[in-house]
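Chemist: Here you go, this is start_17.txt (compact mmCIF, C-alpha atoms and all ligand atoms).
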```txt
# COMPACT_ATOMS: atom_id res chain seq x y z
CA MET A 30 33.67 107.14 28.62
CA THR A 31 31.48 107.74 25.55
CA PRO A 32 28.30 105.66 25.44
CA HIS A 33 27.43 102.95 22.94
CA ILE A 34 24.45 104.27 20.99
CA VAL A 35 22.20 101.70 19.36
CA VAL A 36 19.61 102.80 16.82
CA LEU A 37 16.76 100.36 16.15
CA GLY A 38 15.38 100.79 12.63
CA ALA A 39 17.11 102.13 9.51
CA GLY A 40 14.29 104.12 7.97
CA TYR A 41 14.36 107.85 7.36
CA SER A 42 14.68 108.84 11.00
CA GLY A 43 16.87 105.97 12.29
CA THR A 44 19.48 106.19 9.53
CA LEU A 45 19.72 109.94 9.91
CA ALA A 46 20.00 109.64 13.70
CA ALA A 47 22.78 107.02 13.43
CA ASN A 48 24.87 109.04 10.97
CA LEU A 49 24.36 112.22 12.95
CA ALA A 50 25.29 110.56 16.26
CA ALA A 51 28.48 109.11 14.74
CA LYS A 52 29.40 112.48 13.25
CA ARG A 53 28.70 114.61 16.30
CA LEU A 54 29.76 112.30 19.12
CA LYS A 55 32.61 110.22 17.62
CA THR A 56 31.26 107.39 19.71
CA LYS A 57 30.40 103.75 18.92
CA VAL A 58 27.11 103.70 17.01
CA THR A 59 25.30 100.52 15.94
CA LEU A 60 22.29 100.48 13.62
CA VAL A 61 19.99 97.45 13.67
CA ASN A 62 17.67 96.85 10.75
CA ALA A 63 15.63 93.92 9.50
CA SER A 64 16.91 94.33 5.94
CA ASP A 65 20.20 95.44 4.35
CA ARG A 66 18.30 97.74 1.96
CA PHE A 67 16.99 101.24 2.72
CA VAL A 68 13.31 101.46 1.77
CA GLU A 69 12.23 104.80 0.33
CA ARG A 70 8.73 104.40 1.71
CA VAL A 71 7.54 107.66 0.21
CA ARG A 72 8.01 106.06 -3.24
CA LEU A 73 6.23 102.77 -2.57
CA HIS A 74 3.13 103.71 -4.59
CA GLN A 75 5.56 104.15 -7.51
CA LEU A 76 6.92 100.63 -6.93
CA ALA A 77 3.37 99.24 -6.79
CA SER A 78 2.52 100.90 -10.08
CA GLY A 79 5.42 99.14 -11.82
CA GLN A 80 8.24 101.69 -11.67
CA GLN A 81 11.78 100.58 -10.91
CA LEU A 82 13.14 102.13 -7.71
CA PRO A 83 16.86 102.68 -7.09
CA ASP A 84 18.63 99.97 -5.09
CA ARG A 85 19.74 101.52 -1.77
CA PRO A 86 22.22 99.36 0.23
CA ILE A 87 22.21 100.78 3.76
CA GLU A 88 25.90 100.05 4.26
CA ALA A 89 26.75 102.56 1.50
CA MET A 90 24.77 105.29 3.31
CA LEU A 91 26.60 104.99 6.64
CA LYS A 92 29.66 106.83 7.94
CA GLY A 93 31.22 105.55 11.16
CA VAL A 94 28.19 103.37 11.96
CA ARG A 95 28.17 99.58 12.35
CA LEU A 96 25.18 97.92 10.67
CA ILE A 97 23.62 94.74 12.04
CA VAL A 98 21.08 93.20 9.67
CA ASP A 99 18.65 91.34 11.92
CA ARG A 100 15.17 91.70 13.36
CA ALA A 101 14.88 92.90 16.95
CA THR A 102 12.48 90.64 18.83
CA GLY A 103 12.55 92.27 22.25
CA ILE A 104 14.11 94.96 24.43
CA ASP A 105 15.18 94.45 28.04
CA PRO A 106 15.33 97.97 29.49
CA GLU A 107 16.71 96.85 32.86
CA GLN A 108 19.74 95.10 31.35
CA ARG A 109 19.78 97.52 28.37
CA LEU A 110 19.77 94.68 25.87
CA ILE A 111 18.14 94.13 22.48
CA GLN A 112 17.29 90.55 21.54
CA LEU A 113 17.67 89.54 17.91
CA ALA A 114 15.88 86.90 15.82
CA GLY A 115 19.04 85.62 14.15
CA SER A 116 21.55 85.68 16.98
CA ALA A 117 21.69 84.25 20.49
CA GLU A 118 23.88 87.22 21.52
CA PRO A 119 21.81 90.29 22.40
CA ILE A 120 23.17 93.78 21.71
CA ALA A 121 23.97 95.93 24.73
CA TYR A 122 23.29 99.67 24.60
CA ASP A 123 23.96 102.66 26.83
CA THR A 124 21.59 104.87 24.87
CA LEU A 125 18.85 103.53 22.59
CA ILE A 126 17.27 105.48 19.75
CA TYR A 127 14.01 103.69 18.98
CA ALA A 128 12.98 104.11 15.31
CA PRO A 129 11.20 101.00 13.99
CA GLY A 130 8.65 103.02 12.00
CA SER A 131 5.18 101.79 11.15
CA ARG A 132 3.28 99.33 8.96
CA ALA A 133 -0.21 99.01 7.49
CA ASP A 134 -3.02 98.54 9.98
CA LEU A 135 -4.52 95.20 8.90
CA GLU A 136 -6.49 94.43 12.04
CA SER A 137 -9.09 97.19 12.39
CA THR A 138 -11.51 95.89 9.72
CA PRO A 139 -12.50 92.27 8.94
CA GLY A 140 -11.05 90.78 5.77
CA VAL A 141 -8.21 93.29 5.34
CA ALA A 142 -5.43 90.89 6.36
CA GLU A 143 -6.83 88.12 4.11
CA HIS A 144 -7.81 90.05 0.99
CA ALA A 145 -6.34 93.57 0.84
CA TYR A 146 -3.06 94.82 -0.61
CA THR A 147 -1.05 97.75 0.76
CA VAL A 148 1.70 100.20 -0.20
CA ALA A 149 3.10 100.47 3.34
CA GLY A 150 6.12 98.18 2.87
CA ALA A 151 8.41 97.18 0.00
CA GLU A 152 7.31 93.53 -0.13
CA GLN A 153 3.63 94.43 0.03
CA SER A 154 4.03 96.99 -2.76
CA ALA A 155 5.84 94.45 -4.94
CA ARG A 156 2.97 91.99 -4.28
CA LEU A 157 0.46 94.62 -5.40
CA ARG A 158 2.52 95.29 -8.55
CA GLU A 159 2.28 91.58 -9.47
CA ARG A 160 -1.42 91.45 -8.68
CA LEU A 161 -2.13 94.40 -10.98
CA ARG A 162 -0.95 92.36 -13.96
CA GLU A 163 -4.21 90.39 -13.73
CA SER A 164 -6.53 93.14 -12.36
CA SER A 165 -9.17 95.16 -14.14
CA VAL A 166 -10.87 97.02 -11.23
CA VAL A 167 -9.00 98.36 -8.19
CA ALA A 168 -10.62 99.89 -5.13
CA VAL A 169 -8.34 102.12 -3.07
CA VAL A 170 -9.72 102.47 0.45
CA GLY A 171 -8.78 105.74 2.20
CA GLY A 172 -9.02 109.36 1.09
CA GLY A 173 -5.93 110.62 2.92
CA LEU A 174 -2.57 111.45 1.41
CA THR A 175 -1.44 107.83 0.88
CA GLY A 176 -4.75 106.86 -0.75
CA ILE A 177 -4.63 109.89 -3.06
CA GLU A 178 -1.03 109.19 -4.09
CA ALA A 179 -1.74 105.49 -4.65
CA ALA A 180 -4.95 105.99 -6.66
CA THR A 181 -3.49 108.63 -9.00
CA GLU A 182 -0.22 106.74 -9.53
CA LEU A 183 -2.03 103.49 -10.35
CA ALA A 184 -4.50 105.21 -12.68
CA GLU A 185 -1.78 107.10 -14.55
CA SER A 186 0.50 104.09 -15.03
CA HIS A 187 -2.32 101.63 -15.91
CA PRO A 188 -4.67 103.51 -18.26
CA GLY A 189 -6.69 100.34 -18.91
CA LEU A 190 -7.35 99.80 -15.20
CA LYS A 191 -10.57 101.03 -13.58
CA VAL A 192 -9.57 102.78 -10.32
CA ARG A 193 -12.19 103.57 -7.67
CA LEU A 194 -11.50 105.34 -4.38
CA VAL A 195 -13.74 104.94 -1.35
CA THR A 196 -13.39 107.00 1.83
CA SER A 197 -15.37 107.37 5.04
CA GLY A 198 -14.99 111.18 4.96
CA GLU A 199 -14.23 113.69 2.26
CA LEU A 200 -11.45 113.24 -0.29
CA GLY A 201 -8.41 115.28 0.80
CA ALA A 202 -10.22 116.58 3.90
CA THR A 203 -7.05 118.23 5.26
CA LEU A 204 -6.58 120.38 2.13
CA SER A 205 -7.75 123.88 1.24
CA GLN A 206 -10.67 124.46 -1.14
CA ARG A 207 -8.24 125.17 -3.96
CA GLY A 208 -6.35 121.99 -3.15
CA ARG A 209 -9.52 119.90 -3.13
CA ARG A 210 -10.65 121.47 -6.43
CA HIS A 211 -7.36 120.53 -8.08
CA LEU A 212 -7.64 117.04 -6.67
CA ARG A 213 -11.11 116.54 -8.17
CA ARG A 214 -9.96 117.84 -11.55
CA THR A 215 -7.05 115.40 -11.49
CA PHE A 216 -9.23 112.48 -10.46
CA GLY A 217 -11.61 113.40 -13.31
CA ARG A 218 -8.74 113.60 -15.82
CA LEU A 219 -7.46 110.18 -14.74
CA GLY A 220 -10.95 108.66 -14.72
CA ILE A 221 -10.86 107.76 -11.01
CA GLU A 222 -14.29 107.20 -9.49
CA ILE A 223 -14.74 108.77 -6.03
CA ARG A 224 -17.10 107.46 -3.34
CA GLU A 225 -17.16 109.65 -0.20
CA GLN A 226 -18.88 109.35 3.21
CA ALA A 227 -18.87 105.56 2.85
CA LYS A 228 -17.26 103.47 5.55
CA VAL A 229 -15.89 100.09 4.58
CA THR A 230 -17.04 97.43 7.05
CA GLU A 231 -15.50 94.37 5.41
CA VAL A 232 -13.04 93.47 2.68
CA ARG A 233 -13.83 90.44 0.51
CA ALA A 234 -12.11 88.74 -2.41
CA ASP A 235 -14.50 90.49 -4.83
CA GLY A 236 -14.48 94.02 -3.34
CA VAL A 237 -15.62 95.73 -0.15
CA LEU A 238 -18.86 96.04 1.82
CA LEU A 239 -19.99 99.56 2.75
CA ASN A 240 -21.80 100.48 5.96
CA GLY A 241 -25.25 100.50 4.32
CA GLY A 242 -24.62 96.91 3.16
CA GLU A 243 -23.77 97.92 -0.44
CA HIS A 244 -21.17 95.84 -2.25
CA PHE A 245 -18.46 98.00 -3.92
CA ALA A 246 -16.95 95.71 -6.54
CA ALA A 247 -13.22 95.36 -7.25
CA ASP A 248 -10.91 92.45 -8.00
CA THR A 249 -8.10 94.16 -6.04
CA VAL A 250 -8.46 96.21 -2.85
CA VAL A 251 -5.68 98.57 -1.72
CA TRP A 252 -5.90 99.44 1.97
CA THR A 253 -4.45 102.87 2.89
CA THR A 254 -6.51 103.92 5.92
CA GLY A 255 -3.69 104.27 8.41
CA PHE A 256 -0.53 102.92 9.92
CA THR A 257 0.12 101.04 13.12
CA VAL A 258 3.41 100.63 15.02
CA PRO A 259 5.40 97.58 16.22
CA ASP A 260 4.67 96.23 19.71
CA LEU A 261 8.32 96.31 20.86
CA ALA A 262 7.97 99.44 23.02
CA ARG A 263 4.77 98.28 24.71
CA GLU A 264 6.17 94.80 25.37
CA ALA A 265 9.37 96.25 26.81
CA GLY A 266 7.37 98.28 29.34
CA PHE A 267 8.16 101.73 27.94
CA ALA A 268 5.44 104.33 28.38
CA VAL A 269 3.30 104.19 25.22
CA ASP A 270 0.08 105.84 24.08
CA GLU A 271 -3.11 103.97 23.14
CA HIS A 272 -1.64 103.21 19.69
CA GLY A 273 1.60 101.75 21.09
CA ARG A 274 3.72 104.77 20.12
CA MET A 275 6.48 105.58 22.57
CA ILE A 276 5.61 108.66 24.64
CA VAL A 277 8.51 111.09 24.52
CA ASP A 278 9.12 114.51 26.01
CA GLU A 279 9.99 117.66 24.07
CA THR A 280 13.60 116.46 23.75
CA LEU A 281 12.37 113.13 22.23
CA ARG A 282 13.40 111.22 25.36
CA SER A 283 11.15 108.43 26.66
CA VAL A 284 9.13 109.74 29.60
CA SER A 285 9.61 106.39 31.40
CA HIS A 286 13.21 105.48 30.47
CA PRO A 287 15.76 108.32 30.36
CA ASP A 288 18.36 106.31 28.41
CA VAL A 289 15.91 105.79 25.53
CA TYR A 290 14.86 108.23 22.78
CA GLY A 291 12.00 107.70 20.31
CA VAL A 292 11.91 109.16 16.78
CA GLY A 293 9.83 108.81 13.62
CA ASP A 294 6.47 107.08 13.23
CA ALA A 295 6.94 104.84 16.29
CA ALA A 296 7.17 107.79 18.72
CA ALA A 297 4.39 110.14 19.81
CA ALA A 298 6.29 113.43 19.75
CA ARG A 299 4.68 116.79 20.43
CA LYS A 300 5.47 120.37 19.52
CA SER A 301 6.01 122.79 22.41
CA ASP A 302 2.35 123.92 22.04
CA GLY A 303 1.21 120.32 22.68
CA GLN A 304 0.28 119.42 19.09
CA GLU A 305 1.18 115.80 18.27
CA LEU A 306 3.36 115.35 15.19
CA ARG A 307 1.80 113.26 12.42
CA MET A 308 3.52 110.16 11.02
CA ALA A 309 5.65 111.55 8.17
CA CYS A 310 9.20 112.01 6.98
CA ALA A 311 8.45 115.67 7.43
CA THR A 312 8.39 115.11 11.19
CA GLY A 313 10.67 112.06 11.49
CA LEU A 314 13.74 113.80 10.08
CA PRO A 315 13.63 116.85 12.40
CA SER A 316 12.82 114.57 15.34
CA ALA A 317 15.96 112.51 14.62
CA GLN A 318 18.06 115.69 14.55
CA GLN A 319 16.44 116.85 17.77
CA ALA A 320 17.05 113.55 19.59
CA VAL A 321 20.74 113.47 18.67
CA GLY A 322 21.07 117.13 19.64
CA ALA A 323 19.58 116.31 23.04
CA ILE A 324 21.96 113.37 23.57
CA VAL A 325 24.95 115.57 22.62
CA ALA A 326 23.81 118.33 24.98
CA ARG A 327 23.25 116.01 27.95
CA LEU A 328 26.63 114.34 27.49
CA ALA A 329 28.21 117.80 27.56
CA GLY A 330 26.31 118.61 30.76
CA ARG A 331 24.04 121.13 29.04
CA GLU A 332 20.25 121.34 29.13
CA PRO A 333 18.90 120.35 25.68
CA LYS A 334 16.68 122.76 23.78
CA PRO A 335 13.05 121.65 23.36
CA LEU A 336 11.81 120.56 19.93
CA HIS A 337 11.27 123.60 17.76
CA PHE A 338 9.21 122.57 14.78
CA ARG A 339 6.74 124.07 12.34
CA TYR A 340 4.97 122.64 9.31
CA PHE A 341 5.55 124.25 5.87
CA ASN A 342 3.61 122.24 3.34
CA GLN A 343 2.06 118.92 2.43
CA CYS A 344 3.56 117.50 -0.77
CA ILE A 345 1.27 115.09 -2.59
CA SER A 346 2.22 113.39 -5.84
CA LEU A 347 -0.59 112.90 -8.39
CA GLY A 348 1.21 110.56 -10.75
CA ARG A 349 4.54 111.56 -12.30
CA ARG A 350 3.40 114.68 -14.18
CA ASP A 351 1.24 116.41 -11.58
CA ALA A 352 1.32 117.05 -7.84
CA LEU A 353 -0.27 119.23 -5.22
CA ILE A 354 1.85 121.28 -2.85
CA GLN A 355 -0.49 122.49 -0.14
CA PHE A 356 1.07 125.31 1.88
CA VAL A 357 0.12 125.21 5.56
CA ARG A 358 0.36 127.23 8.76
CA ALA A 359 2.79 126.24 11.52
CA ASP A 360 0.11 123.91 12.94
CA ASP A 361 -0.36 122.07 9.59
CA SER A 362 -3.73 123.70 8.81
CA PRO A 363 -4.05 124.66 5.10
CA VAL A 364 -3.94 128.18 3.67
CA GLU A 365 -5.51 128.97 0.28
CA ALA A 366 -2.16 128.75 -1.51
CA VAL A 367 -1.21 125.72 -3.57
CA LEU A 368 1.26 124.81 -6.27
CA THR A 369 0.02 122.34 -8.90
CA GLY A 370 0.98 120.78 -12.22
CA ARG A 371 4.45 120.02 -13.54
CA MET A 372 6.22 122.56 -11.27
CA ALA A 373 4.61 120.88 -8.29
CA ALA A 374 5.69 117.45 -9.54
CA LEU A 375 9.29 118.70 -9.79
CA TYR A 376 9.04 120.25 -6.32
CA LYS A 377 7.76 116.98 -4.84
CA GLU A 378 10.51 114.98 -6.58
CA ALA A 379 13.14 117.37 -5.16
CA VAL A 380 11.69 116.92 -1.67
CA VAL A 381 11.73 113.11 -1.96
CA ARG A 382 15.34 113.17 -3.19
CA GLY A 383 16.23 115.54 -0.36
CA ALA A 384 14.78 113.16 2.24
CA PHE A 385 17.14 110.48 0.97
CA LYS A 386 20.18 112.71 0.45
CA VAL A 387 20.05 114.22 3.93
CA GLN A 388 20.96 110.77 5.31
CA SER A 389 24.49 111.21 3.95
CA TYR A 390 24.66 114.92 4.83
CA PRO A 391 22.99 114.74 8.24
CA SER A 392 23.78 118.27 9.44
CA VAL A 393 21.69 119.91 6.72
CA PRO A 394 18.36 121.31 8.00
CA THR A 395 15.40 119.28 6.71
CA MET A 396 12.19 120.52 5.10
CA VAL A 397 10.18 117.61 3.65
C1 LIG A 401 3.22 105.18 -0.04
C2 LIG A 401 3.68 106.14 1.04
C3 LIG A 401 3.88 107.49 0.72
C4 LIG A 401 4.32 108.37 1.71
N1 LIG A 401 4.51 109.69 1.36
C5 LIG A 401 4.98 110.55 2.28
C6 LIG A 401 5.28 111.91 1.94
O1 LIG A 401 5.07 112.31 0.79
N2 LIG A 401 5.77 112.73 2.90
C7 LIG A 401 5.99 112.29 4.18
O2 LIG A 401 6.46 113.10 5.00
N3 LIG A 401 5.72 111.03 4.54
C8 LIG A 401 5.23 110.13 3.63
N4 LIG A 401 4.98 108.83 3.99
C9 LIG A 401 5.20 108.42 5.38
C10 LIG A 401 6.68 108.10 5.61
O3 LIG A 401 7.13 107.15 4.68
C11 LIG A 401 6.89 107.57 7.02
O4 LIG A 401 6.35 108.51 7.92
C12 LIG A 401 8.39 107.38 7.28
O5 LIG A 401 8.89 106.35 6.45
C13 LIG A 401 8.63 107.04 8.75
O6 LIG A 401 10.02 106.96 8.94
P1 LIG A 401 10.62 106.09 10.14
O7 LIG A 401 12.08 106.29 10.10
O8 LIG A 401 9.89 106.35 11.39
O9 LIG A 401 10.26 104.58 9.77
P2 LIG A 401 10.42 103.71 8.46
O10 LIG A 401 10.80 104.54 7.29
O11 LIG A 401 9.16 102.91 8.39
O12 LIG A 401 11.64 102.76 8.80
C14 LIG A 401 11.60 101.86 9.89
C15 LIG A 401 12.72 100.84 9.72
O13 LIG A 401 12.75 100.02 10.88
C16 LIG A 401 12.89 98.66 10.49
N5 LIG A 401 12.32 97.81 11.54
C17 LIG A 401 11.04 97.78 11.99
N6 LIG A 401 10.91 96.86 12.96
C18 LIG A 401 12.14 96.31 13.13
C19 LIG A 401 12.65 95.30 13.99
N7 LIG A 401 11.88 94.67 14.88
N8 LIG A 401 13.96 94.97 13.91
C20 LIG A 401 14.77 95.59 13.00
N9 LIG A 401 14.33 96.54 12.16
C21 LIG A 401 13.03 96.91 12.23
C22 LIG A 401 12.11 98.58 9.17
O14 LIG A 401 12.52 97.45 8.41
C23 LIG A 401 12.50 99.91 8.53
O15 LIG A 401 13.70 99.79 7.79
C24 LIG A 401 4.53 107.92 3.03
C25 LIG A 401 4.35 106.57 3.35
C26 LIG A 401 3.93 105.68 2.37
C27 LIG A 401 3.75 104.23 2.73
```
Output the structure of this file as structure tokens.

Modeler:
Amino acid sequence: MTPHIVVLGAGYSGTLAANLAAKRLKTKVTLVNASDRFVERVRLHQLASGQQLPDRPIEAMLKGVRLIVDRATGIDPEQRLIQLAGSAEPIAYDTLIYAPGSRADLESTPGVAEHAYTVAGAEQSARLRERLRESSVVAVVGGGLTGIEAATELAESHPGLKVRLVTSGELGATLSQRGRRHLRRTFGRLGIEIREQAKVTEVRADGVLLNGGEHFAADTVVWTTGFTVPDLAREAGFAVDEHGRMIVDETLRSVSHPDVYGVGDAAAARKSDGQELRMACATGLPSAQQAVGAIVARLAGREPKPLHFRYFNQCISLGRRDALIQFVRADDSPVEAVLTGRMAALYKEAVVRGAFKVQSYPSVPTMV
């Protein structure tokens, strides 16, 4: 008898996993998601800056997959059941693919939950878009890839807005020297003020406080310092790391529950050399393919191959007319080769479109 596969979360990795499982196994596949719309999270800074994003009904993306639009509130691994907010009837699974993604971390610094805006979810980004109508100074907190994309997008689309970026380390610390140089030129061109080596200790309605006690003024604060994951895995008793990410082996299978696989941001997957994969589409899509491949192999009585993954590049948009493609070694460390300007912007756009399109053509190899 073929198993009932339930996928929890219809983001980049869950939707791909569901379509791929239906295609390769011809078994019953159910996808559970809190909303009936697919959120292109990698475009949420565009939404926040006022651009219209395409409407993506999930139903139209699925082939041979049943969609349940509801929020999972708990998982019972003994009974293999998923409890739902909107239905008294839980869903039974034989194999679970856990893919509920991540959200903004609002708890680690005082005042963030009360006063800050984020680009981590569709509703939050739409809230920020509305807020910007009455803003004159925005402080983006975080000098990583999300902070860079948000600051440049907001500055480009709102030329009258003063954008300031504050980061506890160096802006674009994971980039090569060439990459960082291009970043600084772009920030200069867009008039974005940069404050480095300054840790934010509190967010207030009128800006942020820095570790020396200095007040960094802004009428809107955008928090981009990191993502956190839902508590479902921890509460269910699955093995999780200190951040609550499901610990999986090199076939993406839970190390504590062999009928459960974890993919995307909510799973702590590792390459065969032990390096942990960062939260990204770039890792979520291959991990979804790997997990389904492992399920197919085990059902056929074969030993699954371990995750074979290497990084190629980091693709960072800098508004709509510029971008930075930072080429990297297999371990994600930067080499001194970058692509910038309009070609890079086109490259990044093609990558973002590819991450969406692969959902409907799930057998295509991914390179995000
Ligand atoms: C502004 C921004 C820019 C980014 N740019 C890039 C980039 O350029 N390149 C890159 O590789 N990555 C980028 N990322 C990161 C990337 O978006 C995430 O790593 C990716 O979305 C993770 O995919 P996922 O499938 O794990 O989860 P998600 O895409 O977060 O999807 C999870 C899904 O699960 C659903 N869900 C969650 N909890 C429940 C529940 N209890 N019940 C039912 N459904 C639930 C959610 O509603 C959602 O639909 C960016 C992120 C942001 C915010």

Chemist: Skip Gly38 of chain A itself and residues of its chain fewer than 5 positions away, then list as a PyMOL selection string all residues within 8 Å of it, counting all atoms listed in the file.

Modeler: chain A and resi 43-44+60-63+127-130

Chemist: Neighbouring residues of ligand LIG 401 (chain A) are defined here as those with any atom at most 7 Å from a ligand atom, counting only C-alpha atoms and all ligand atoms; list them as JSON, numbers by chain.

Modeler: {"A": [37, 38, 39, 40, 41, 42, 43, 61, 62, 63, 64, 67, 68, 70, 71, 72, 73, 74, 99, 100, 101, 102, 128, 129, 130, 131, 132, 148, 149, 150, 175, 179, 259, 292, 293, 294, 295, 308, 309, 310, 311, 312, 313, 344, 345, 397]}

Chemist: Quick one: everything within 7 Å of segment 372-385 of chain A, counting all atoms listed in the file, minus sequence neighbours fewer than 6 positions away in the same chain. Send it as a list in words.

Modeler: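 Contacts, in chain order: Cys344, Ser346, Arg349, Arg350, Asp351, Ala352, Leu353, Ile354 and Val397 of chain A.
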
Chemist: Tell me, in Å to one decimal, how far atom CA of Phe356 of chain A is from atom CA of Ser316 of chain A.

Modeler: 20.8 Å

Chemist: Around all of segment 368-377 of chain A's listed atoms, make the axis-aligned box with 8 Å on each side and tell me centre and edge lengths in Å to one decimal, as JSON.

Modeler:
```
{"center_x": 4.7, "center_y": 120.9, "center_z": -9.2, "size_x": 25.3, "size_y": 23.8, "size_z": 24.7}
```

Chemist: With distances taken over only C-alpha atoms, which of A:Ala265, A:Ala155, A:Ala202, A:Val357 is nearest to Arg109 of chain A?

Modeler: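 The closest residue to Arg109 of chain A is A:Ala265.
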
Chemist: List every residue of segment 56-171 of chain A that has an atom at most 9 Å from any atom of segment 238-252 of chain A, and for each one report the closest atom pair and its distance in Å to one decimal, counting all atoms listed in the file, with rows sorted by chain and then by increasing residue number, as a Markdown table.

Modeler:
```
| residue | atom | partner | partner_atom | distance |
| --- | --- | --- | --- | --- |
| A:Ala133 | CA | A:Trp252 | CA | 7.9 |
| A:Asp134 | CA | A:Trp252 | CA | 8.6 |
| A:Leu135 | CA | A:Trp252 | CA | 8.2 |
| A:Val141 | CA | A:Trp252 | CA | 7.4 |
| A:His144 | CA | A:Val250 | CA | 7.3 |
| A:Ala145 | CA | A:Val250 | CA | 5.0 |
| A:Tyr146 | CA | A:Val251 | CA | 4.7 |
| A:Thr147 | CA | A:Trp252 | CA | 5.3 |
| A:Val148 | CA | A:Val251 | CA | 7.7 |
| A:Leu157 | CA | A:Val251 | CA | 8.2 |
| A:Arg160 | CA | A:Thr249 | CA | 7.7 |
| A:Leu161 | CA | A:Thr249 | CA | 7.8 |
| A:Ser164 | CA | A:Asp248 | CA | 6.2 |
| A:Ser165 | CA | A:Asp248 | CA | 6.9 |
| A:Val166 | CA | A:Ala247 | CA | 4.9 |
| A:Val167 | CA | A:Thr249 | CA | 4.8 |
| A:Ala168 | CA | A:Val250 | CA | 4.8 |
| A:Val169 | CA | A:Val251 | CA | 4.6 |
| A:Val170 | CA | A:Trp252 | CA | 5.1 |
| A:Gly171 | CA | A:Trp252 | CA | 6.9 |
```

Chemist: (-12.8, 95.0, 4.5) in this file's frame - what residues fall within 7 Å of it? Use only C-alpha atoms and give the answer as a ChimeraX atom specification.

Modeler: /A:138-141,229-233,237-238

Chemist: Counting only C-alpha atoms, which residues sit no farther than 8 Å from the position (7.1, 103.0, 25.0) in the file's frame? I'd like them as a ChimeraX atom specification.

Modeler: /A:261-263,265-270,273-276,283,285,296

Chemist: Just give me the gap between atom CA of Asp260 of chain A and atom CA of Leu328 of chain A in Å, one decimal is fine.

Modeler: 29.5 Å

Chemist: May I ask you to restore N, CA and C atoms in segment 311-323 of chain A and write the result as a PDB file, keeping the file's coordinate frame?

Modeler:
```pdb
ATOM      1  N   ALA A 311       8.385 114.250   7.102  1.00  0.00           N
ATOM      2  CA  ALA A 311       8.450 115.670   7.430  1.00  0.00           C
ATOM      3  C   ALA A 311       8.649 115.898   8.923  1.00  0.00           C
ATOM      4  N   THR A 312       8.199 114.964   9.741  1.00  0.00           N
ATOM      5  CA  THR A 312       8.390 115.110  11.190  1.00  0.00           C
ATOM      6  C   THR A 312       9.485 114.174  11.713  1.00  0.00           C
ATOM      7  N   GLY A 313       9.662 113.022  11.036  1.00  0.00           N
ATOM      8  CA  GLY A 313      10.670 112.060  11.490  1.00  0.00           C
ATOM      9  C   GLY A 313      12.085 112.593  11.369  1.00  0.00           C
ATOM     10  N   LEU A 314      12.366 113.296  10.274  1.00  0.00           N
ATOM     11  CA  LEU A 314      13.740 113.800  10.080  1.00  0.00           C
ATOM     12  C   LEU A 314      14.105 114.856  11.129  1.00  0.00           C
ATOM     13  N   PRO A 315      13.286 115.893  11.331  1.00  0.00           N
ATOM     14  CA  PRO A 315      13.630 116.850  12.400  1.00  0.00           C
ATOM     15  C   PRO A 315      13.660 116.212  13.786  1.00  0.00           C
ATOM     16  N   SER A 316      12.813 115.189  14.010  1.00  0.00           N
ATOM     17  CA  SER A 316      12.820 114.570  15.340  1.00  0.00           C
ATOM     18  C   SER A 316      14.125 113.796  15.562  1.00  0.00           C
ATOM     19  N   ALA A 317      14.671 113.205  14.489  1.00  0.00           N
ATOM     20  CA  ALA A 317      15.960 112.510  14.620  1.00  0.00           C
ATOM     21  C   ALA A 317      17.061 113.516  14.956  1.00  0.00           C
ATOM     22  N   GLN A 318      17.039 114.656  14.272  1.00  0.00           N
ATOM     23  CA  GLN A 318      18.060 115.690  14.550  1.00  0.00           C
ATOM     24  C   GLN A 318      17.933 116.190  15.984  1.00  0.00           C
ATOM     25  N   GLN A 319      16.687 116.356  16.419  1.00  0.00           N
ATOM     26  CA  GLN A 319      16.440 116.850  17.770  1.00  0.00           C
ATOM     27  C   GLN A 319      16.947 115.856  18.818  1.00  0.00           C
ATOM     28  N   ALA A 320      16.649 114.564  18.604  1.00  0.00           N
ATOM     29  CA  ALA A 320      17.050 113.550  19.590  1.00  0.00           C
ATOM     30  C   ALA A 320      18.567 113.502  19.728  1.00  0.00           C
ATOM     31  N   VAL A 321      19.271 113.518  18.597  1.00  0.00           N
ATOM     32  CA  VAL A 321      20.740 113.470  18.670  1.00  0.00           C
ATOM     33  C   VAL A 321      21.267 114.744  19.330  1.00  0.00           C
ATOM     34  N   GLY A 322      20.670 115.869  18.998  1.00  0.00           N
ATOM     35  CA  GLY A 322      21.070 117.130  19.640  1.00  0.00           C
ATOM     36  C   GLY A 322      20.905 117.057  21.160  1.00  0.00           C
ATOM     37  N   ALA A 323      19.830 116.419  21.590  1.00  0.00           N
ATOM     38  CA  ALA A 323      19.580 116.310  23.040  1.00  0.00           C
ATOM     39  C   ALA A 323      20.605 115.385  23.705  1.00  0.00           C
TER      40      ALA A 323
END
```
